[in-house]
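Student: The structure follows.
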Amino acid sequence: MRGTVLGPVWAWLLAFVGLPAIVLAVIALAQPADGVPPYELGAGFDDLATVFTDPYYRDAFLASLRVSAICSALCLLIGYPMALAIARSAPARRPLLLLLVMLPFWTGFLLRVAAWVGLLRDDGWINAALLALGVIDAPLPLLHTDGAMIVGIVYAYLPFMVLPLEARLARADPALEQAAADLGAPPWRVFLRVTWPLSLPGVAAGLVLVFVPVMGEYVIPELLGGPGSMTMGRVIWTELFDNHDWPMAASLALVLTGLLLLPALALRAAPPNRA
Amino acid sequence: MRRSRFLGGCLIAAYGFLYGPIALLVLTSFNDSRLTTVWTGFSPRWFIALAGNDALIDAALLSLRIAALAATGATVIGGLAGVALARLGRFRGRGLFAGLLAAPLVLPDLLIGLALLLLFVATQQVVGFPERGAGTIVVAHVTASLAYVAVVVEARLAGGGEVLEQAAMDLGATPLVAFRRVTLPLLAPALVSGWLLAFTLSLDDVVIASLVSGPGASTLPMVVFSSLRLGATPELNALATAILAVTAAGLLLAWFVQRRRFGAGR
Amino acid sequence: MLRRGIGRSERFRSPARMVGSGRIAIGGSMRFRTRLGVALSLLAFLAVLPLRAPAATEARVVNVYNWSDYIDPEALKRFERETGIRVQYDVYDSLETLEGKLLAGHSGYDVIVPTAQPTLARLIKSGGVQKLDRAKLPHFAGLDPDLMKRVSGADPGNLYGAIYLWGSTGLGIDPRKIAALAPDARLDSWDLLFDPANAKRIAPCGITMMDSAIDVIPTVLHILGKSPDSTDPADLAAVEARLRAIRPYIRNFDNGGAIEEMASGAACLVFDYSGDVIQAKARAEEARQGVTLRYVAPREGAQLSFDMLAIPKDAPHPTEALAFIDFILTPDVMAGITNKVSYPNAVPASRKMVREEIADDPGIYPSAAALAGFFTVGPVAPAAERARGRMWARFKAGQ
């Protein structure tokens with residue numbers, strides 16, 4: 001039984017995650033060169049060293065962390081009430097509500113990002129509305145800013161927070177909340193002491209699903225963000241495609257992986273059964 | 001349970017946030033003018049142009065096929081992974097297992113795509129296949145979305161349910177039967193969530209698909225991103241509206257069927 | 001990952017659970033079964049990856065990889081009809097995507113359309129493209145020798161590429177709006193943008209600069225009277241100073257999105273490719289919102305860029321690739337393409353078949369005098385490229 005559960009997963013992981021990881025490590029140690037592919041195999045650690053010592057990369061990393069944190073927090077703020085409302089609604093209605101959450105995303109996020117561009121541009125809907133209302137005299141530069149990027153990211157990643165959270169909240173035994181209420185606790189207390197703690201695995205799942213990928217996000221910062229809007233994804237893209245420095249890009253990737261993977265690994269290594 | 005009006009209000013506001021830009025998209029797709037924000041009249045011309053745009057239609061169909069395949073693959077493998085992590089306790093190589101699983105979550109799409117590309121190229125040099133195309137995109141998408149399904153499944157299982165499984169086994173069920181009869185139904189919502197997540201990821205992916213695809217395998221996001229970079233054509237808005245209409249219709253159908261089956265209301 | 005379980009006593013564990021946790025081996029070794037599972041799964045997965053039929057049994061096909069919206073679809077259909085070779089046509093939106101694919105090797109493409117500098121030059125250097133067999137390209141001789149000479153900086157001896165379409169990098173202007181804000185400024189000079197006094201006056205109606213260090217920096221070097229290929233740090237500092245002076249007046253940096261900005265009237269002065277401005281002009285005319293646009297190649301000299309037809313080294317169908325290239329280079333096909341996308345081509349014999357409004361537009365087909373003042377750039381060493389990139393990032397961020 002174990003074999004059937006673990007076997008296929010091991011096979012896939014080793015072939016398509018393990019092997020490419022080794023390839024990546026090999027390239028990180030290589031030297032950039034003219035050729036197809038543009039590197040020379042070798043054992044050079046200078047790229048890895050540069051990643052740690054050059055302030056440009058350190059600042060980029062911190063900026064990226066900041067973006068991820070803000071976006072995750074916003075997703076949680078908006079997504080939690082959504083998930084809670086859906087989880088508490090009639091079971092017959094829940095699939096519909098969930099699909100309504102997913103439906104926008106089936107139109108493709110690129111096109112919805114384009115819609116945001118139309119909203120935020122100098123001659124876009126928001127500025128047109130504000131101008132018409134007389135609130136402002138000249139168009140506000142809303143597009144190509146950190147704010148636009150954050151809005152776009154939150155917009156795109158919301159379901160990654162809502163779905164796992166809802167799945168977890170739906171599991172929660174309503175009797176527990178009812179018991180607390182019956183014992184005289186006001187609704188906010190019920191939430192704080194019963195609902196929230198029970199939902200934490202879902203919150204954690206949602207946060208991981210938002211925080212981590214946003215670090216490596218490229219497309220949304222590219223379309224909505226400003227020149228200074230930094231994510232590690234953008235930095236790595238620049239190294240890869242603008243500087244044609246594959247070893248450096250691979251080194252950045254390895255360092256990023258390590259930094260983000262270590263805490264996750266530590267938590268996972270502990271078995272689930274704890275009294 | 002008393003439904004909170006505050007929550008209901010939040011939900012409606014959130015849906016408003018989600019659907020606002022979409023409504024704009026739909027509106028713009030009927031705009032006679034090429035320019036997004038300048039309305040010159042109501043016109044279906046972009047839909048007509050879309051019907052004749054083979055490249056977009058082919059890309060859309062290809063994307064749907066790839067997404068369905070990738071989502072199913074990811075749900076199967078990711079689901080198994082989630083079960084393994086939640087139920088199999090300490091097993092040999094668990095640390096490595098978890099690490100490999102989490103890696104695509106952590107690595108930017110760009111590097112998943114690049115690393116897989118290099119793997120495919122090297123493999124092709126040695127054994128003559130795979131040719132890069134739709135198949136390699138499916139493989140890449142499964143790999144990228146595995147972890148998402150696993151996380152959702154694990155979160156679902158981790159909170160409990162072992163009691164039920166244990167009870168089943170104490171009553172004489174083998175682990176396999178307990179899995180099928182207790183765990184799987186417990187998992188069902190998580191699996192559905194996971195499938196939908198993986199499907200969306202695949203449908204939305206630009207970077208990985210661009211890197212590992214080959215001639216003739218242009219996905220819709222690839223085509224759309226290209227067009228966006230060079231100034232969006234209104235045909236894309238028409239496509240978005242069309243997809244929205246189709247999925248909304250499918251959704252309504254599913255909802256009616258469900259109401260019929262389970263009765264209205266509760 | 002945080003997990004909370006409903007509290008359970010560890011002491012009571014059913015026999016079935018013990019099996020599950022691997023403490024008791026039942027029915028053969030667990031390890032063996034896991035390994036068997038792994039092996040079978042691997043085989044199953046490998047079966048999923050599609051195998052292409054060997055090329056010999058396939059109908060003839062040519063895989064073309066070109067910029068978006070950069071061809072006349074009629075030309076492709078005609079090619080298929082006349083030669084029986086099926087065209088698999090894919091598009092890309094950025095040179096980076098193209099280079100990334102090609103530098104990885106085995107892209108699967110037969111014909112690509114890289115820009116001469118930096119992409120084709122880089123591909124030549126890294127061995128990513130193959131020499132064109134002139135014997136199979138009779139229409140190669142129809143290419144304008146002067147333009148081919150210009151491009152030989154990137155492709156010495158013109159061995160690897162044939163010019164497809166070309167253009168320059170200059171200013172897209174809305175003459176009416178600019179005349180209203182800065183009536184005395186010369187519209188055909190770089191000073192319109194790079195003189196801070198002018199930039200300040202024009203800023204309110206929207207100034208956009210293309211987000212491309214490799215296009216802007218050589219031009220500024222040229223304006224400052226230096227070589228556009230200079231990597232001297234002092235020269236770079238001079239460029240930075242010149243750019244900083246106008247930074248406050250630049251509203252936006254864009255790539256391709258500038259077309260819609262111009263066409264909708266959001267920007268009235270843009271540093272952009274000739275082709276982009278021409279397209280924006282067409283859209284503005286179609287929109288009839290009173291936006292008039294013109295492309296200007298400033299008299300101090302604009303940078304030339306060429307998009308070249310080339311064949312990757314590992315192209316699976318080189319013969320078909322050559323047939324395709326030769327077909328494209330025939331004058332009437334070339335004229336059809338120019339008519340469709342409004343970019344000039346390099347086949348003089350096609351000029352008479354090009355629509356009047358395109359052939360006579362000095363923004364598209366510059367005069368010989370103007371052309372003489374245009375310049376091309378050479379390759380930049382990686383270290384210098386990095387320095388330029390950093391400077392550009394600083395400039396954009398406004399630091």
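Chain identifiers are assigned as A, B, and so on, following the order in which chains appear in the structure tokens; residues are numbered from 1 within each chain, and ligands are numbered from 1 in order of appearance.
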Could you list, with a cut-off of 6 Å and counting only C-alpha atoms, the residues of chain A near chain C, each shown with its nearest atom pair and the distance in Å rounded to one decimal, rows sorted by chain and ascending number, as a Markdown table?

Tutor:
| residue | atom | partner | partner_atom | distance |
| --- | --- | --- | --- | --- |
| A:Gly3 | CA | C:Thr34 | CA | 3.8 |
| A:Thr4 | CA | C:Gly37 | CA | 5.9 |
| A:Gly7 | CA | C:Val38 | CA | 4.2 |
| A:Pro8 | CA | C:Ser41 | CA | 5.0 |
| A:Ala11 | CA | C:Val38 | CA | 5.0 |
| A:Asp34 | CA | C:Ser126 | CA | 4.8 |
| A:Gly35 | CA | C:Ser126 | CA | 3.7 |
| A:Val36 | CA | C:Leu103 | CA | 4.9 |
| A:Pro37 | CA | C:Leu103 | CA | 5.0 |
| A:Pro201 | CA | C:Leu2 | CA | 5.7 |
| A:Pro227 | CA | C:Lys396 | CA | 5.9 |
| A:Gly228 | CA | C:Ala397 | CA | 5.3 |
| A:Phe241 | CA | C:Glu96 | CA | 5.3 |
| A:Leu267 | CA | C:Met1 | CA | 5.5 |
| A:Ala275 | CA | C:Gly7 | CA | 5.3 |

Student: I need the strand (DSSP E) residues of segment 6-211 of chain A per DSSP on the backbone, written as a ChimeraX atom specification.

Tutor: /A:31-32,39-40

Student: Could those selected residues go to a file with all heavy atoms, as a PDB file, in the first residue's frame?

Tutor:
ATOM      1  N   GLN A  31      30.921  28.630 -15.596  1.00  0.00           N
ATOM      2  CA  GLN A  31      31.312  29.998 -15.952  1.00  0.00           C
ATOM      3  C   GLN A  31      30.538  30.446 -17.171  1.00  0.00           C
ATOM      4  O   GLN A  31      30.291  29.652 -18.062  1.00  0.00           O
ATOM      5  CB  GLN A  31      32.809  30.035 -16.286  1.00  0.00           C
ATOM      6  CG  GLN A  31      33.715  29.556 -15.188  1.00  0.00           C
ATOM      7  CD  GLN A  31      33.660  30.472 -13.993  1.00  0.00           C
ATOM      8  OE1 GLN A  31      33.277  31.624 -14.104  1.00  0.00           O
ATOM      9  NE2 GLN A  31      34.032  29.949 -12.845  1.00  0.00           N
ATOM     10  N   PRO A  32      30.151  31.718 -17.225  1.00  0.00           N
ATOM     11  CA  PRO A  32      29.494  32.191 -18.450  1.00  0.00           C
ATOM     12  C   PRO A  32      30.468  32.154 -19.619  1.00  0.00           C
ATOM     13  O   PRO A  32      31.656  32.417 -19.454  1.00  0.00           O
ATOM     14  CB  PRO A  32      29.097  33.633 -18.115  1.00  0.00           C
ATOM     15  CG  PRO A  32      29.867  34.011 -16.916  1.00  0.00           C
ATOM     16  CD  PRO A  32      30.294  32.770 -16.222  1.00  0.00           C
ATOM     17  N   TYR A  39      27.427  28.553 -21.295  1.00  0.00           N
ATOM     18  CA  TYR A  39      28.246  28.410 -20.097  1.00  0.00           C
ATOM     19  C   TYR A  39      29.301  27.349 -20.348  1.00  0.00           C
ATOM     20  O   TYR A  39      29.182  26.505 -21.245  1.00  0.00           O
ATOM     21  CB  TYR A  39      27.401  28.047 -18.877  1.00  0.00           C
ATOM     22  CG  TYR A  39      26.528  26.832 -19.068  1.00  0.00           C
ATOM     23  CD1 TYR A  39      27.040  25.554 -18.949  1.00  0.00           C
ATOM     24  CD2 TYR A  39      25.185  26.976 -19.358  1.00  0.00           C
ATOM     25  CE1 TYR A  39      26.241  24.443 -19.126  1.00  0.00           C
ATOM     26  CE2 TYR A  39      24.383  25.878 -19.539  1.00  0.00           C
ATOM     27  CZ  TYR A  39      24.906  24.614 -19.423  1.00  0.00           C
ATOM     28  OH  TYR A  39      24.111  23.525 -19.607  1.00  0.00           O
ATOM     29  N   GLU A  40      30.321  27.414 -19.519  1.00  0.00           N
ATOM     30  CA  GLU A  40      31.408  26.438 -19.595  1.00  0.00           C
ATOM     31  C   GLU A  40      31.405  25.708 -18.279  1.00  0.00           C
ATOM     32  O   GLU A  40      31.472  26.342 -17.235  1.00  0.00           O
ATOM     33  CB  GLU A  40      32.726  27.209 -19.720  1.00  0.00           C
ATOM     34  CG  GLU A  40      33.614  26.790 -20.850  1.00  0.00           C
ATOM     35  CD  GLU A  40      34.664  27.878 -21.079  1.00  0.00           C
ATOM     36  OE1 GLU A  40      35.135  28.448 -20.060  1.00  0.00           O
ATOM     37  OE2 GLU A  40      34.964  28.163 -22.228  1.00  0.00           O
TER      38      GLU A  40
END

Student: Could you give me, as a PyMOL selection string, the residues within 10 Å of Val219 of chain A, counting only C-alpha atoms and dropping anything in the same chain fewer than 6 positions from it?

Tutor: (chain A and resi 110+113+149+153+225+233-234) or (chain B and resi 205-207+225)

Student: For chain B, which residues have at least one atom within 7 Å of chain C, if we go by only C-alpha atoms? Write them as a PDB file with all heavy atoms, in the first residue's frame, please.

Tutor:
ATOM      1  N   SER B  33     -14.324  50.874 -30.866  1.00  0.00           N
ATOM      2  CA  SER B  33     -12.992  51.437 -31.087  1.00  0.00           C
ATOM      3  C   SER B  33     -11.923  50.425 -30.695  1.00  0.00           C
ATOM      4  O   SER B  33     -12.128  49.573 -29.849  1.00  0.00           O
ATOM      5  CB  SER B  33     -12.835  52.708 -30.256  1.00  0.00           C
ATOM      6  OG  SER B  33     -11.488  52.934 -29.978  1.00  0.00           O
ATOM      7  N   ARG B  34     -10.773  50.523 -31.334  1.00  0.00           N
ATOM      8  CA  ARG B  34      -9.638  49.685 -30.977  1.00  0.00           C
ATOM      9  C   ARG B  34      -9.086  50.023 -29.609  1.00  0.00           C
ATOM     10  O   ARG B  34      -8.539  49.178 -28.929  1.00  0.00           O
ATOM     11  CB  ARG B  34      -8.497  49.931 -31.964  1.00  0.00           C
ATOM     12  CG  ARG B  34      -8.410  48.962 -33.087  1.00  0.00           C
ATOM     13  CD  ARG B  34      -7.029  49.065 -33.684  1.00  0.00           C
ATOM     14  NE  ARG B  34      -6.221  47.942 -33.269  1.00  0.00           N
ATOM     15  CZ  ARG B  34      -6.161  46.799 -33.929  1.00  0.00           C
ATOM     16  NH1 ARG B  34      -6.850  46.633 -35.008  1.00  0.00           N
ATOM     17  NH2 ARG B  34      -5.435  45.808 -33.488  1.00  0.00           N
ATOM     18  N   LEU B  35      -9.214  51.314 -29.251  1.00  0.00           N
ATOM     19  CA  LEU B  35      -8.574  51.774 -28.013  1.00  0.00           C
ATOM     20  C   LEU B  35      -9.411  51.360 -26.818  1.00  0.00           C
ATOM     21  O   LEU B  35     -10.631  51.452 -26.831  1.00  0.00           O
ATOM     22  CB  LEU B  35      -8.416  53.291 -28.053  1.00  0.00           C
ATOM     23  CG  LEU B  35      -7.607  53.783 -29.244  1.00  0.00           C
ATOM     24  CD1 LEU B  35      -7.622  55.298 -29.316  1.00  0.00           C
ATOM     25  CD2 LEU B  35      -6.170  53.290 -29.136  1.00  0.00           C
ATOM     26  N   LEU B  88       1.573   9.022   6.599  1.00  0.00           N
ATOM     27  CA  LEU B  88       2.572   7.962   6.663  1.00  0.00           C
ATOM     28  C   LEU B  88       3.659   8.209   7.701  1.00  0.00           C
ATOM     29  O   LEU B  88       4.657   7.498   7.727  1.00  0.00           O
ATOM     30  CB  LEU B  88       3.194   7.734   5.280  1.00  0.00           C
ATOM     31  CG  LEU B  88       2.245   7.088   4.275  1.00  0.00           C
ATOM     32  CD1 LEU B  88       2.971   6.771   2.978  1.00  0.00           C
ATOM     33  CD2 LEU B  88       1.659   5.808   4.844  1.00  0.00           C
ATOM     34  N   GLY B  89       3.482   9.218   8.490  1.00  0.00           N
ATOM     35  CA  GLY B  89       4.426   9.437   9.585  1.00  0.00           C
ATOM     36  C   GLY B  89       5.855   9.533   9.085  1.00  0.00           C
ATOM     37  O   GLY B  89       6.119  10.064   8.027  1.00  0.00           O
ATOM     38  N   LEU B 118      16.532  22.473 -19.797  1.00  0.00           N
ATOM     39  CA  LEU B 118      17.866  21.904 -19.929  1.00  0.00           C
ATOM     40  C   LEU B 118      17.837  20.391 -19.781  1.00  0.00           C
ATOM     41  O   LEU B 118      18.559  19.668 -20.482  1.00  0.00           O
ATOM     42  CB  LEU B 118      18.794  22.517 -18.892  1.00  0.00           C
ATOM     43  CG  LEU B 118      19.057  24.002 -19.134  1.00  0.00           C
ATOM     44  CD1 LEU B 118      19.752  24.615 -17.950  1.00  0.00           C
ATOM     45  CD2 LEU B 118      19.866  24.203 -20.390  1.00  0.00           C
ATOM     46  N   VAL B 121      16.553  19.055 -23.051  1.00  0.00           N
ATOM     47  CA  VAL B 121      17.560  19.173 -24.105  1.00  0.00           C
ATOM     48  C   VAL B 121      18.636  18.114 -23.943  1.00  0.00           C
ATOM     49  O   VAL B 121      19.013  17.430 -24.890  1.00  0.00           O
ATOM     50  CB  VAL B 121      18.181  20.579 -24.101  1.00  0.00           C
ATOM     51  CG1 VAL B 121      19.403  20.624 -24.992  1.00  0.00           C
ATOM     52  CG2 VAL B 121      17.169  21.594 -24.572  1.00  0.00           C
ATOM     53  N   PRO B 130      12.836  13.684 -25.372  1.00  0.00           N
ATOM     54  CA  PRO B 130      11.582  14.123 -25.979  1.00  0.00           C
ATOM     55  C   PRO B 130      11.751  15.348 -26.866  1.00  0.00           C
ATOM     56  O   PRO B 130      12.613  16.167 -26.629  1.00  0.00           O
ATOM     57  CB  PRO B 130      10.753  14.508 -24.762  1.00  0.00           C
ATOM     58  CG  PRO B 130      11.741  14.954 -23.753  1.00  0.00           C
ATOM     59  CD  PRO B 130      13.017  14.220 -24.032  1.00  0.00           C
ATOM     60  N   GLU B 131      10.941  15.429 -27.885  1.00  0.00           N
ATOM     61  CA  GLU B 131      10.847  16.666 -28.649  1.00  0.00           C
ATOM     62  C   GLU B 131      10.007  17.631 -27.840  1.00  0.00           C
ATOM     63  O   GLU B 131       8.970  17.263 -27.317  1.00  0.00           O
ATOM     64  CB  GLU B 131      10.133  16.406 -29.978  1.00  0.00           C
ATOM     65  CG  GLU B 131      10.899  15.525 -30.915  1.00  0.00           C
ATOM     66  CD  GLU B 131      11.292  16.273 -32.172  1.00  0.00           C
ATOM     67  OE1 GLU B 131      10.848  17.421 -32.344  1.00  0.00           O
ATOM     68  OE2 GLU B 131      12.021  15.709 -32.977  1.00  0.00           O
ATOM     69  N   GLY B 135       3.633  17.919 -24.899  1.00  0.00           N
ATOM     70  CA  GLY B 135       3.922  16.925 -23.864  1.00  0.00           C
ATOM     71  C   GLY B 135       4.848  17.456 -22.794  1.00  0.00           C
ATOM     72  O   GLY B 135       4.619  17.287 -21.593  1.00  0.00           O
ATOM     73  N   THR B 136       5.893  18.151 -23.218  1.00  0.00           N
ATOM     74  CA  THR B 136       6.824  18.689 -22.235  1.00  0.00           C
ATOM     75  C   THR B 136       6.166  19.791 -21.404  1.00  0.00           C
ATOM     76  O   THR B 136       6.474  19.947 -20.217  1.00  0.00           O
ATOM     77  CB  THR B 136       8.093  19.251 -22.912  1.00  0.00           C
ATOM     78  OG1 THR B 136       7.701  20.105 -23.979  1.00  0.00           O
ATOM     79  CG2 THR B 136       8.950  18.134 -23.445  1.00  0.00           C
ATOM     80  N   ALA B 158      -4.654  16.945   7.799  1.00  0.00           N
ATOM     81  CA  ALA B 158      -3.859  17.090   9.022  1.00  0.00           C
ATOM     82  C   ALA B 158      -4.699  17.384  10.246  1.00  0.00           C
ATOM     83  O   ALA B 158      -4.295  17.120  11.352  1.00  0.00           O
ATOM     84  CB  ALA B 158      -2.827  18.192   8.824  1.00  0.00           C
ATOM     85  N   GLY B 159      -5.865  17.949  10.042  1.00  0.00           N
ATOM     86  CA  GLY B 159      -6.634  18.380  11.202  1.00  0.00           C
ATOM     87  C   GLY B 159      -7.363  17.266  11.906  1.00  0.00           C
ATOM     88  O   GLY B 159      -7.993  17.483  12.917  1.00  0.00           O
ATOM     89  N   GLY B 160      -7.325  16.087  11.367  1.00  0.00           N
ATOM     90  CA  GLY B 160      -8.105  15.036  12.025  1.00  0.00           C
ATOM     91  C   GLY B 160      -8.585  14.041  11.006  1.00  0.00           C
ATOM     92  O   GLY B 160      -8.113  14.016   9.883  1.00  0.00           O
ATOM     93  N   MET B 169     -10.547   0.846  10.618  1.00  0.00           N
ATOM     94  CA  MET B 169      -9.603  -0.274  10.634  1.00  0.00           C
ATOM     95  C   MET B 169      -9.817  -1.174  11.831  1.00  0.00           C
ATOM     96  O   MET B 169      -9.662  -2.386  11.762  1.00  0.00           O
ATOM     97  CB  MET B 169      -8.171   0.261  10.578  1.00  0.00           C
ATOM     98  CG  MET B 169      -7.854   0.784   9.191  1.00  0.00           C
ATOM     99  SD  MET B 169      -6.140   1.197   8.929  1.00  0.00           S
ATOM    100  CE  MET B 169      -6.055   2.749   9.780  1.00  0.00           C
ATOM    101  N   ASP B 170     -10.197  -0.556  12.954  1.00  0.00           N
ATOM    102  CA  ASP B 170     -10.504  -1.370  14.122  1.00  0.00           C
ATOM    103  C   ASP B 170     -11.701  -2.266  13.862  1.00  0.00           C
ATOM    104  O   ASP B 170     -11.824  -3.343  14.444  1.00  0.00           O
ATOM    105  CB  ASP B 170     -10.800  -0.477  15.328  1.00  0.00           C
ATOM    106  CG  ASP B 170      -9.532   0.236  15.791  1.00  0.00           C
ATOM    107  OD1 ASP B 170      -8.453  -0.211  15.368  1.00  0.00           O
ATOM    108  OD2 ASP B 170      -9.644   1.207  16.538  1.00  0.00           O
ATOM    109  N   THR B 174      -9.097  -3.137   5.912  1.00  0.00           N
ATOM    110  CA  THR B 174      -7.664  -3.046   5.619  1.00  0.00           C
ATOM    111  C   THR B 174      -7.335  -1.569   5.360  1.00  0.00           C
ATOM    112  O   THR B 174      -8.232  -0.769   5.081  1.00  0.00           O
ATOM    113  CB  THR B 174      -7.307  -3.846   4.364  1.00  0.00           C
ATOM    114  OG1 THR B 174      -7.945  -3.229   3.238  1.00  0.00           O
ATOM    115  CG2 THR B 174      -7.752  -5.284   4.485  1.00  0.00           C
ATOM    116  N   PRO B 175      -6.044  -1.234   5.429  1.00  0.00           N
ATOM    117  CA  PRO B 175      -5.680   0.168   5.172  1.00  0.00           C
ATOM    118  C   PRO B 175      -6.212   0.656   3.824  1.00  0.00           C
ATOM    119  O   PRO B 175      -6.659   1.792   3.700  1.00  0.00           O
ATOM    120  CB  PRO B 175      -4.152   0.147   5.183  1.00  0.00           C
ATOM    121  CG  PRO B 175      -3.785  -1.032   6.005  1.00  0.00           C
ATOM    122  CD  PRO B 175      -4.872  -2.038   5.833  1.00  0.00           C
ATOM    123  N   LEU B 211       9.149  28.609 -22.163  1.00  0.00           N
ATOM    124  CA  LEU B 211      10.485  28.031 -22.170  1.00  0.00           C
ATOM    125  C   LEU B 211      10.517  26.612 -22.698  1.00  0.00           C
ATOM    126  O   LEU B 211      11.406  26.241 -23.446  1.00  0.00           O
ATOM    127  CB  LEU B 211      11.074  28.072 -20.755  1.00  0.00           C
ATOM    128  CG  LEU B 211      11.481  29.460 -20.270  1.00  0.00           C
ATOM    129  CD1 LEU B 211      11.799  29.434 -18.798  1.00  0.00           C
ATOM    130  CD2 LEU B 211      12.682  29.949 -21.053  1.00  0.00           C
ATOM    131  N   GLY B 214       7.606  23.866 -27.870  1.00  0.00           N
ATOM    132  CA  GLY B 214       8.331  23.721 -29.120  1.00  0.00           C
ATOM    133  C   GLY B 214       7.477  24.244 -30.250  1.00  0.00           C
ATOM    134  O   GLY B 214       6.415  24.812 -30.027  1.00  0.00           O
ATOM    135  N   PRO B 215       7.926  24.062 -31.469  1.00  0.00           N
ATOM    136  CA  PRO B 215       7.168  24.552 -32.613  1.00  0.00           C
ATOM    137  C   PRO B 215       5.769  23.967 -32.621  1.00  0.00           C
ATOM    138  O   PRO B 215       5.582  22.780 -32.387  1.00  0.00           O
ATOM    139  CB  PRO B 215       7.978  24.035 -33.813  1.00  0.00           C
ATOM    140  CG  PRO B 215       9.337  23.796 -33.292  1.00  0.00           C
ATOM    141  CD  PRO B 215       9.192  23.425 -31.865  1.00  0.00           C
ATOM    142  N   GLY B 216       4.819  24.805 -32.873  1.00  0.00           N
ATOM    143  CA  GLY B 216       3.457  24.332 -32.982  1.00  0.00           C
ATOM    144  C   GLY B 216       2.738  24.195 -31.663  1.00  0.00           C
ATOM    145  O   GLY B 216       1.568  23.846 -31.615  1.00  0.00           O
ATOM    146  N   SER B 218       2.009  26.593 -29.183  1.00  0.00           N
ATOM    147  CA  SER B 218       1.866  27.902 -28.560  1.00  0.00           C
ATOM    148  C   SER B 218       0.602  27.915 -27.736  1.00  0.00           C
ATOM    149  O   SER B 218      -0.494  27.768 -28.266  1.00  0.00           O
ATOM    150  CB  SER B 218       1.788  28.991 -29.631  1.00  0.00           C
ATOM    151  OG  SER B 218       3.002  29.106 -30.304  1.00  0.00           O
ATOM    152  N   SER B 226       2.466  37.895 -25.622  1.00  0.00           N
ATOM    153  CA  SER B 226       3.107  38.529 -26.771  1.00  0.00           C
ATOM    154  C   SER B 226       2.298  39.725 -27.234  1.00  0.00           C
ATOM    155  O   SER B 226       2.832  40.812 -27.429  1.00  0.00           O
ATOM    156  CB  SER B 226       3.216  37.550 -27.935  1.00  0.00           C
ATOM    157  OG  SER B 226       4.163  36.575 -27.676  1.00  0.00           O
ATOM    158  N   ARG B 229       2.385  42.707 -24.768  1.00  0.00           N
ATOM    159  CA  ARG B 229       3.637  43.462 -24.800  1.00  0.00           C
ATOM    160  C   ARG B 229       3.626  44.460 -25.942  1.00  0.00           C
ATOM    161  O   ARG B 229       4.213  45.520 -25.865  1.00  0.00           O
ATOM    162  CB  ARG B 229       4.805  42.501 -25.013  1.00  0.00           C
ATOM    163  CG  ARG B 229       5.157  41.678 -23.829  1.00  0.00           C
ATOM    164  CD  ARG B 229       6.178  42.383 -22.987  1.00  0.00           C
ATOM    165  NE  ARG B 229       6.934  41.461 -22.186  1.00  0.00           N
ATOM    166  CZ  ARG B 229       8.209  41.211 -22.366  1.00  0.00           C
ATOM    167  NH1 ARG B 229       8.869  41.799 -23.334  1.00  0.00           N
ATOM    168  NH2 ARG B 229       8.829  40.368 -21.588  1.00  0.00           N
ATOM    169  N   LEU B 230       2.961  44.084 -27.024  1.00  0.00           N
ATOM    170  CA  LEU B 230       2.983  44.940 -28.199  1.00  0.00           C
ATOM    171  C   LEU B 230       1.687  45.708 -28.357  1.00  0.00           C
ATOM    172  O   LEU B 230       1.421  46.239 -29.416  1.00  0.00           O
ATOM    173  CB  LEU B 230       3.250  44.073 -29.437  1.00  0.00           C
ATOM    174  CG  LEU B 230       4.521  43.251 -29.308  1.00  0.00           C
ATOM    175  CD1 LEU B 230       4.565  42.168 -30.359  1.00  0.00           C
ATOM    176  CD2 LEU B 230       5.747  44.145 -29.464  1.00  0.00           C
ATOM    177  N   GLY B 231       0.894  45.779 -27.320  1.00  0.00           N
ATOM    178  CA  GLY B 231      -0.362  46.510 -27.410  1.00  0.00           C
ATOM    179  C   GLY B 231      -1.519  45.557 -27.623  1.00  0.00           C
ATOM    180  O   GLY B 231      -1.659  44.948 -28.663  1.00  0.00           O
TER     181      GLY B 231
END
